[in-house]
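Source file query_15.txt; content: compact mmCIF, C-alpha atoms.
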```txt
# COMPACT_ATOMS: atom_id res chain seq x y z
CA LYS A 1 0.00 0.00 0.00
CA THR A 2 2.98 2.35 0.49
CA VAL A 3 6.24 3.01 -1.33
CA ALA A 4 8.20 2.01 1.77
CA THR A 5 6.50 -1.40 1.86
CA ALA A 6 7.19 -1.94 -1.83
CA ARG A 7 10.88 -1.15 -1.31
CA GLN A 8 11.08 -3.58 1.60
CA ARG A 9 9.72 -6.27 -0.70
CA GLY A 10 12.39 -5.63 -3.33
CA ALA A 11 10.95 -2.94 -5.61
CA ARG A 12 13.60 -0.86 -7.38
CA GLY A 13 13.59 2.68 -8.70
CA ILE A 14 13.09 1.50 -12.26
CA ASP A 15 10.04 -0.51 -11.12
CA PHE A 16 8.42 2.60 -9.64
CA ALA A 17 9.18 4.60 -12.80
CA PHE A 18 7.73 1.94 -15.11
CA ASP A 19 4.61 1.28 -13.03
CA SER A 20 3.97 5.00 -12.53
CA ASN A 21 4.42 5.85 -16.22
CA TRP A 22 2.00 3.14 -17.38
CA GLY A 23 -0.59 3.59 -14.67
CA TYR A 24 0.04 0.35 -12.75
CA LEU A 25 1.07 2.33 -9.68
CA GLN A 26 -1.90 4.23 -8.27
CA VAL A 27 -1.12 7.27 -6.10
CA THR A 28 -3.96 7.78 -3.63
CA ASP A 29 -2.45 10.62 -1.59
CA LEU A 30 0.25 12.96 -2.93
CA CYS A 31 2.34 14.40 -0.10
CA ALA A 32 3.26 18.05 -0.66
CA GLU A 33 5.74 18.38 2.19
CA PRO A 34 9.00 19.99 0.93
CA LEU A 35 12.02 17.73 0.59
CA SER A 36 14.51 20.61 0.75
CA CYS A 37 14.66 24.07 2.32
CA GLU A 38 17.74 25.37 0.52
CA ARG A 39 15.73 28.17 -1.08
CA ARG A 40 12.85 30.03 0.60
CA VAL A 41 10.57 32.62 -1.01
CA VAL A 42 7.66 34.11 0.97
CA ASP A 43 4.58 35.59 -0.73
CA ALA A 44 4.53 38.64 1.54
CA GLU A 45 8.11 39.54 0.55
CA CYS A 46 7.61 39.40 -3.22
CA GLY A 47 4.17 40.99 -3.54
CA VAL A 48 1.93 38.01 -4.34
CA PRO A 49 -1.75 39.13 -4.20
CA LYS A 50 -3.74 37.85 -1.23
CA GLU A 51 -7.11 37.59 -2.98
CA ARG A 52 -8.09 34.15 -4.31
CA PRO A 53 -10.52 34.31 -7.27
CA ARG A 54 -12.92 31.49 -8.02
CA THR A 55 -11.56 28.72 -10.27
CA GLN A 56 -13.29 26.30 -12.59
CA ILE A 57 -11.61 23.26 -11.03
CA ALA A 58 -12.89 24.09 -7.52
CA SER A 59 -16.20 22.24 -8.01
CA GLY A 60 -16.66 18.67 -9.27
CA ARG A 61 -18.26 15.29 -8.60
CA VAL A 62 -15.19 13.66 -6.99
CA ASP A 63 -12.57 14.89 -4.56
CA THR A 64 -9.60 14.24 -6.87
CA VAL A 65 -8.54 15.49 -10.31
CA ARG A 66 -6.43 13.64 -12.85
CA VAL A 67 -3.30 15.66 -13.68
CA ARG A 68 -0.64 14.85 -16.28
CA VAL A 69 2.97 15.73 -15.46
CA LYS A 70 6.28 15.42 -17.28
CA GLU A 71 7.27 11.88 -16.28
CA MET A 72 4.09 10.23 -17.59
CA SER A 73 3.83 8.26 -20.82
CA LEU A 74 1.06 8.74 -23.37
CA GLY A 75 -0.80 5.73 -21.99
CA HIS A 76 -1.01 7.16 -18.47
CA LYS A 77 -4.42 8.50 -17.44
CA GLY A 78 -3.04 11.07 -15.02
CA LEU A 79 -2.08 11.43 -11.38
CA ALA A 80 -4.89 11.78 -8.83
CA VAL A 81 -4.44 15.12 -7.03
CA SER A 82 -6.68 16.55 -4.35
CA ARG A 83 -9.24 18.91 -5.90
CA LYS A 84 -8.99 21.29 -2.96
CA ALA A 85 -5.18 21.52 -3.22
CA LEU A 86 -5.28 21.93 -6.99
CA ALA A 87 -7.94 24.66 -6.70
CA LYS A 88 -5.73 26.63 -4.30
CA PHE A 89 -2.84 26.33 -6.76
CA ALA A 90 -4.99 27.44 -9.71
CA ALA A 91 -6.35 30.41 -7.73
CA LYS A 92 -2.82 31.81 -7.35
CA CYS A 93 -2.02 31.33 -11.06
CA PRO A 94 -4.06 33.44 -13.52
CA ALA A 95 -3.28 31.11 -16.44
CA LEU A 96 -4.85 28.10 -14.64
CA ARG A 97 -8.08 29.56 -13.28
CA ASP A 98 -10.22 28.70 -16.30
CA VAL A 99 -8.73 25.27 -17.10
CA SER A 100 -11.39 22.57 -17.27
CA GLU A 101 -11.13 19.26 -15.43
CA GLU A 102 -10.53 17.22 -18.60
CA THR A 103 -7.71 19.52 -19.75
CA TRP A 104 -5.55 18.83 -16.68
CA ALA A 105 -5.02 15.20 -17.82
CA ALA A 106 -4.79 15.95 -21.57
CA VAL A 107 -1.64 15.23 -23.59
CA ASP A 108 -1.24 18.98 -24.09
CA GLY A 109 -2.36 19.88 -20.55
CA PRO A 110 -1.01 22.86 -18.60
CA LEU A 111 1.45 20.81 -16.51
CA VAL A 112 2.84 18.36 -19.08
CA LYS A 113 6.30 19.98 -18.88
CA LEU A 114 6.29 20.12 -15.09
CA PRO A 115 8.25 17.46 -13.09
CA LEU A 116 6.35 15.77 -10.28
CA GLU A 117 8.78 17.03 -7.62
CA VAL A 118 8.15 20.64 -8.74
CA LEU A 119 4.38 20.08 -8.63
CA ARG A 120 4.75 19.08 -4.99
CA VAL A 121 6.68 22.32 -4.33
CA LEU A 122 3.92 24.39 -5.96
CA LEU A 123 1.10 22.62 -4.10
CA HIS A 124 2.85 23.35 -0.81
CA TRP A 125 3.30 26.98 -1.87
CA ALA A 126 -0.41 27.27 -2.72
CA ALA A 127 -1.42 26.00 0.72
CA ASN A 128 1.15 27.84 2.87
CA GLY A 129 2.32 30.88 0.90
CA VAL A 130 5.98 29.82 1.03
CA LEU A 131 8.13 28.37 -1.75
CA LEU A 132 10.60 25.80 -0.38
CA TYR A 133 12.78 24.03 -2.91
CA ALA A 134 16.29 22.76 -3.60
CA CYS A 135 18.89 24.87 -5.38
CA LYS A 136 18.90 22.51 -8.38
CA GLN A 137 15.14 23.08 -8.83
CA THR A 138 15.41 26.85 -9.19
CA LYS A 139 15.18 26.93 -12.99
CA ALA A 140 12.22 24.53 -13.12
CA VAL A 141 10.31 26.35 -10.35
CA HIS A 142 10.85 29.73 -12.01
CA ALA A 143 9.75 28.42 -15.43
CA ALA A 144 6.61 26.79 -13.95
CA LEU A 145 5.56 29.93 -12.09
CA LYS A 146 6.12 32.10 -15.14
CA ALA A 147 4.15 29.76 -17.40
CA ALA A 148 1.27 29.68 -14.89
CA GLY A 149 1.10 33.48 -14.73
CA ALA A 150 2.38 33.83 -11.14
CA LEU A 151 4.78 36.59 -12.16
CA GLU A 152 5.30 38.05 -8.66
CA ALA A 153 6.42 34.70 -7.25
CA ALA A 154 8.60 34.03 -10.32
CA ARG A 155 10.25 37.42 -9.82
CA GLY A 156 10.90 36.56 -6.18
CA VAL A 157 12.63 33.31 -7.19
CA LYS A 158 14.79 35.18 -9.68
CA LEU A 159 15.78 37.90 -7.18
CA LEU A 160 16.68 35.31 -4.55
CA GLU A 161 18.89 33.44 -7.02
CA ALA A 162 20.65 36.68 -8.02
CA LYS A 163 21.25 37.45 -4.34
CA GLU A 164 22.72 33.98 -3.76
CA LEU A 165 25.02 34.37 -6.79
CA ARG A 166 26.33 37.70 -5.46
CA ARG A 167 26.95 36.12 -2.06
CA LEU A 168 28.85 33.21 -3.58
CA ALA A 169 30.94 35.58 -5.72
CA SER A 170 31.80 37.68 -2.65
CA GLU A 171 32.82 34.58 -0.68
CA ALA A 172 34.97 33.34 -3.57
CA LYS A 173 36.67 36.74 -3.82
CA ALA A 174 37.38 36.82 -0.08
CA LYS A 175 38.73 33.27 -0.21
CA ALA A 176 41.02 34.12 -3.13
CA SER A 177 42.31 37.22 -1.30
CA SER A 178 42.99 35.17 1.84
CA SER A 179 44.81 32.54 -0.22
CA CYS A 180 47.03 35.21 -1.84
CA SER A 181 47.85 36.67 1.59
CA MET A 182 48.81 33.24 2.94
CA SER A 183 50.98 32.57 -0.13
CA ALA A 184 52.77 35.90 0.32
CA ALA A 185 53.36 35.17 4.01
CA ARG A 186 54.79 31.73 3.16
CA GLY A 187 57.06 33.37 0.58
CA ARG A 188 58.42 35.89 3.10
CA GLN A 189 58.97 33.12 5.63
CA ALA A 190 60.83 31.02 3.05
CA VAL A 191 63.07 33.99 2.15
CA GLY A 192 63.81 34.58 5.83
CA LYS A 193 64.76 30.92 6.36
CA ALA A 194 67.00 30.99 3.29
CA THR A 195 68.81 34.09 4.65
CA VAL A 196 69.37 32.40 8.03
CA SER A 197 70.71 29.26 6.33
CA LYS A 198 73.10 31.29 4.15
CA ILE A 199 74.51 33.29 7.07
CA ALA A 200 74.71 30.18 9.27
CA ARG A 201 77.07 28.55 6.77
CA ARG A 202 79.38 31.54 7.03
CA GLN A 203 78.94 32.18 10.76
CA PRO A 204 77.83 29.04 12.69
CA MET A 205 76.78 31.03 15.77
CA ALA A 206 74.22 32.98 13.69
CA ALA A 207 71.97 29.92 13.43
CA LYS A 208 71.16 30.32 17.13
CA LEU A 209 70.15 33.97 16.82
CA PRO A 210 66.57 35.25 16.25
CA LEU A 211 65.58 36.05 12.70
CA ARG A 212 65.60 39.84 13.27
CA ARG A 213 69.19 39.80 14.58
CA VAL A 214 70.26 37.60 11.71
CA LYS A 215 68.81 40.09 9.22
CA ARG A 216 70.64 42.93 10.98
CA LEU A 217 73.83 40.92 10.94
CA SER A 218 73.38 40.25 7.23
CA LEU A 219 72.78 43.95 6.59
CA LYS A 220 75.89 44.94 8.55
CA SER A 221 78.08 42.48 6.64
CA LYS A 222 76.78 43.86 3.34
CA CYS A 223 77.49 47.43 4.47
CA ALA A 224 80.99 46.42 5.59
CA LYS A 225 81.72 44.90 2.20
CA ALA A 226 80.45 47.98 0.43
CA SER A 227 82.55 50.38 2.56
CA SER A 228 85.87 48.42 2.39
CA PRO A 229 88.36 49.78 -0.28
CA ARG A 230 89.02 47.60 -3.27
CA ARG A 231 92.47 46.12 -3.63
CA HIS A 232 94.30 46.56 -6.89
CA GLY A 233 95.73 43.48 -8.54
CA GLY A 234 94.88 39.79 -8.37
CA GLY A 235 95.49 37.62 -5.34
CA LYS A 236 98.42 35.53 -6.67
CA GLN A 237 100.13 38.53 -8.28
CA ALA A 238 99.93 40.48 -5.02
CA VAL A 239 101.51 37.60 -3.04
CA ALA A 240 104.30 37.25 -5.62
CA ALA A 241 105.04 41.00 -5.47
CA ARG A 242 105.30 40.95 -1.67
CA ARG A 243 107.73 38.02 -1.81
CA ARG A 244 109.95 39.85 -4.30
CA THR A 245 109.91 42.90 -2.08
CA LYS A 246 111.06 40.87 0.90
```

Let me see whether you can do it: turn the structure in this file into structure tokens.
Amino acid sequence: KTVATARQRGARGIDFAFDSNWGYLQVTDLCAEPLSCERRVVDAECGVPKERPRTQIASGRVDTVRVRVKEMSLGHKGLAVSRKALAKFAAKCPALRDVSEETWAAVDGPLVKLPLEVLRVLLHWAANGVLLYACKQTKAVHAALKAAGALEAARGVKLLEAKELRRLASEAKAKASSSCSMSAARGRQAVGKATVSKIARRQPMAAKLPLRRVKRLSLKSKCAKASSPRRHGGGKQAVAARRRTK
């Protein structure tokens, strides 16, 4: 009777897809609880009208309406959706208010391009006034709202996505700046260690000194070399001349 029971008895994902597409799997109660809260758009924040006009689908002989969605094959008769929930959804979408009951399950129906998971998001939005969906569903939710005539909600989805993109770009920029600063600090530290190692080879006691004193020592030695007068003549020639003088 439930999907969980079918899985316990060995049903696979492909079995659910096949049975659902060809009408062997009958859905008696479609849950509209959101599966993800990564994105949140509230009606009051994006200017969705509060009035709910009368819809054609609100009245009928049975409590459910057959609706065709994207995953269904041509042989499927449609998914049974609560008439009350579907009427609330149609009331918030100007393009769906005058759709007849037979048209919802037609091959060219209003929701034939809409995935089932997005329909669940929209039914929850119609009942609670809040859009809750995953980041990967942003494009599909925006397209569905725009096609249904809910332009205020579609605009809210688009603005939220633009805000998230700016936030991600700012975080990436800050991360890149921090990485460059750390690389520069490592470079200065490496240069300092190389200076200590070079002086330590010349003066063994310098290896025990702090880095600041080693730098000063290195600077003094350079200044001493620069200030000392240059000797004229090569080393061997000078030694030979001194010997001849003696």

Å distance separating CA of Ser73 in chain A from CA of Phe18 in chain A, one decimal place =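 For CA of Ser73 in chain A relative to CA of Phe18 in chain A, the distance reads 9.4 Å.
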
Considering all atoms listed in the file, return as a PyMOL selection string whatever protein or nucleic-acid residues lie within 8 Å of range 124-137 of chain A, sequence-local ones (same chain, fewer than 2 positions apart) excluded.
-> chain A and resi 32-43+85+88-89+92+118+120-122+139-141

For each of A:Ala162, A:Leu168, A:Leu123, A:Cys93, take the minimum atom-to-atom distance to Leu145 in chain A, counting all atoms listed in the file, then give the residue where this is smallest.
-> A:Cys93

Determine, counting all atoms listed in the file, every residue of protein, DNA or RNA that lies within 10 Å of (3.6, 36.5, -8.3) in the file coordinates, then give the result as a ChimeraX atom specification.
-> /A:43,46-49,92-94,145-146,148-157

Using only C-alpha atoms, the shortest atom-to-atom distance to Lys84 in chain A among A:Leu116, A:Ala176, A:Ile57, A:Val69 belongs to A:Ile57

Just give me the gap between CA of Asp19 in chain A and CA of Arg61 in chain A in Å, one decimal is fine.
->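 Interatomic distance here is 27.2 Å.
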
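Taking all atoms listed in the file into account, Thr28 in chain A lies nearest to A:Arg66 out of the set A:His142, A:Arg66, A:Arg97, A:Lys163.
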
Straight-line distance linking CA of Gln56 in chain A with CA of Ala105 in chain A, stated in Å to one decimal | 14.8 Å

Quick one: everything within 12 Å of Thr103 in chain A, counting all atoms listed in the file, minus sequence neighbours fewer than 6 positions away in the same chain. Send it as a ChimeraX atom specification.
-> /A:56-57,65-68,77-78,96-97,109-112

For the residues in the current selection, export C-alpha atoms as a PDB file, keeping the file's coordinate frame.
```
ATOM      1  CA  GLN A  56     -13.290  26.300 -12.590  1.00  0.00           C
ATOM      2  CA  ILE A  57     -11.610  23.260 -11.030  1.00  0.00           C
ATOM      3  CA  VAL A  65      -8.540  15.490 -10.310  1.00  0.00           C
ATOM      4  CA  ARG A  66      -6.430  13.640 -12.850  1.00  0.00           C
ATOM      5  CA  VAL A  67      -3.300  15.660 -13.680  1.00  0.00           C
ATOM      6  CA  ARG A  68      -0.640  14.850 -16.280  1.00  0.00           C
ATOM      7  CA  LYS A  77      -4.420   8.500 -17.440  1.00  0.00           C
ATOM      8  CA  GLY A  78      -3.040  11.070 -15.020  1.00  0.00           C
ATOM      9  CA  LEU A  96      -4.850  28.100 -14.640  1.00  0.00           C
ATOM     10  CA  ARG A  97      -8.080  29.560 -13.280  1.00  0.00           C
ATOM     11  CA  GLY A 109      -2.360  19.880 -20.550  1.00  0.00           C
ATOM     12  CA  PRO A 110      -1.010  22.860 -18.600  1.00  0.00           C
ATOM     13  CA  LEU A 111       1.450  20.810 -16.510  1.00  0.00           C
ATOM     14  CA  VAL A 112       2.840  18.360 -19.080  1.00  0.00           C
TER      15      VAL A 112
END
```
